[in-house]
Amino acid sequence: MPAPEATTTDRKFLGRLSLPERRFVADALRTETVGGVLLLAAAIAAIIWANTPLKDSYAAIRDFHIGPAALGLDLSIQHWAADGLLAIFFFVAGIELKRELVAGELRDPKAAALPVIAAVCGMAVPALVYTLVNVVGVGDLGGWAVPTATDIAFALAVLAVIGTSLPSALRAFLLTLAVVDDLFAILIIAVFFTSDLNFAALGGAFAGLVVFWLLLRKEVRGWYVYVPLALVIWGLMYNSGVHATIAGVAMGLMLRCTTREGEEHSPGEHIEHLVRPLSAGLAVPLFALFSAGVTVSGGALGDVFTQPVTLGVVLGLVVGKAVGIFGGTWFAARFTKASLNPDLVWPDVFAVASLAGIGFTVSLLIGELAFADDPALMDEVKASVLVGSLIAAVLASVLLKLRVRKYQALFADEERDEDQDGIPDIYEEHTPEFHLRMAAIYEKKAAEHRERAQLAGASRDEADRPA
């Protein structure tokens with residue numbers, strides 16, 4: 001009997017996913033795609049709103065303060081979106097990371113090597129590009145982290161718009177890149193954008209996280225327990241000087257993402273399934289609505305390509321991301337002797353690497369943190385993030401469209417289920433049961449066609465009979 005397909009593809013880069021992993025990736029990306037379309041719509045709405053006669057109302061709403069001042073939470077709407085709503089986004093990111101580490105692509109160090117190296121290079125090279133541009137142009141080095149992030153939702157929205165059905169291996173590679181990317185973005189925010197620490201508030205946040213962990217360990221159930229506790233932890237983390245989204249990540253990482261006997265889904269997967277639509281459909285689009293509203297004019301767009309800070313961001317996203325991810329992947333594959341899936345070619349990897357240059361949500365957040373003391377420069381950096389992400393999206397769309405027929409054929413093969421048992425045929429081709437079911441199906445069809453042939457012959461004989 002031939003060896004199962006899974007064992008023959010484990011050593012291949014971008015090889016076929018296991019069926020459970022494929023289903024998880026498909027479910028996760030389906031929600032992110034819808035969220036990405038909403039994110040794109042919110043960004044366009046923000047730009048239009050901020051560049052019409054209604055721009056004063058946009059600024060008034062964005063800068064309107066609300067919240068209990070006694071608790072240190074009298075924040076602007078924009079601030080609530082960046083520190084509050086994005087905590088939900090990073091909570092989901094924490095669950096994704098935990099799942100990848102214990103049950104996904106990152107659980108096996110050998111399998112994790114390629115996407116991790118690709119993600120690290122995909123962050124290091126954009127930072128290096130930005131730094132070089134600003135050293136040569138005598139610019140501000142404080143924005144080195146802005147072009148390091150990838151926005152998976154925006155990238156998937158681009159795929160939805162251009163109608164490209166990527167094979168599951170490429171989609172999983174993009175998702176894993178984004179997960180590792182989020183991890184390092186979290187570390188960058190925690191290490192480089194932490195203000196003066198309030199150790200009392202930080203201690204309270206840590207104590208709250210310990211209580212959160214103990215409740216999970218004791219398997220205490222009820223949203224009415226965890227949601228108020230999460231809000232307290234978030235408030236304390238915000239007042240500690242550490243960016244408040246770190247609280248969301250920490251709580252996400254604490255959830256159990258492995259299944260026990262009798263469980264179809266782990267608690268982490270269940271909660272992620274509930275919270276991801278809130279993150280992708282509400283939190284991130286609202287953040288985009290109040291962060292992407294920058295003034296766009298011919299002069300402003302020209303400045304993007306002439307000022308070292310903004311040029312560094314654009315080149316970091318467009319050139320740094322593509323070169324970093326592709327170069328890191330290629331060298332890692334050569335070093336680990338991993339062979340590329342024979343159905344794909346290296347230009348496919350470069351196209352996905354170019355798509356990863358869309359660095360919208362986290363890039364905007366880091367831009368706000370890096371240039372908080374210079375609102376004018378902050379807006380210029382936001383404009384450069386928008387321009388860089390747009391160029392990366394167009395470039396990736398062109399590259400992906402060149403191979404769209406191949407992708408569609410591979411996607412159709414992955415989806416084909418001729419025996420209609422709910423499992424794609426490609427996962428059953430090495431089992432005798434599948435071929436026996438298919439034989440029965442074809443024998444039934446053959447019998448139907450023989451019967452139709454007899455009926456057609458009888459009808460023709462009757463028509464040819466003399467009246």
# chains A, B, ... in the order shown; residues from 1 in each chain; ligands from 1
call {"tool": "select_by_dssp", "arguments": {"residues": "stretch 182-284 of chain A", "states": "alpha helix (DSSP H)", "output": "MDAnalysis selection string"}}
result
chainID A and resid 182:192 199:217 223:240 245:254 267:278 284
call {"tool": "residues_around", "arguments": {"residues": "A:Met378", "least_positions_apart": "4", "cutoff": "7 Å", "atoms": "only C-alpha atoms", "output": "VMD selection string"}}
result
chain A and resid 367 to 368 371 to 372 374 382
call {"tool": "atom_distance", "arguments": {"atom1": "atom CA of A:Val120", "atom2": "atom CA of A:Val34"}}
result
27.5 Å
call {"tool": "residues_around", "arguments": {"residues": "A:Gly312", "least_positions_apart": "3", "cutoff": "9 Å", "atoms": "only C-alpha atoms", "output": "PyMOL selection string"}}
result
chain A and resi 126-127+129-134+143-144+147+305+307-309+315-317+384
call {"tool": "closest_residue", "arguments": {"among": "A:Ile162, A:Ala178, A:Ile47, A:Gly235", "to": "A:Ala69", "atoms": "only C-alpha atoms"}}
result
A:Gly235
call {"tool": "residues_around", "arguments": {"residues": "A:Ala153", "least_positions_apart": "6", "cutoff": "8 Å", "atoms": "only C-alpha atoms", "output": "number ranges by chain"}}
result
A: 32-33, 35-37, 39, 280
call {"tool": "atom_distance", "arguments": {"atom1": "atom CA of A:Phe326", "atom2": "atom CA of A:Phe350"}}
result
5.5 Å
call {"tool": "atom_distance", "arguments": {"atom1": "atom CA of A:Phe212", "atom2": "atom CA of A:Gly248"}}
result
11.8 Å
call {"tool": "residues_around", "arguments": {"residues": "stretch 353-361 of chain A", "least_positions_apart": "2", "cutoff": "7 Å", "atoms": "only C-alpha atoms", "output": "PyMOL selection string"}}
result
chain A and resi 147+149-151+154-155+288+317-318+321-322+325-326+349-351+363-365+385-386+389+392-393+395-396
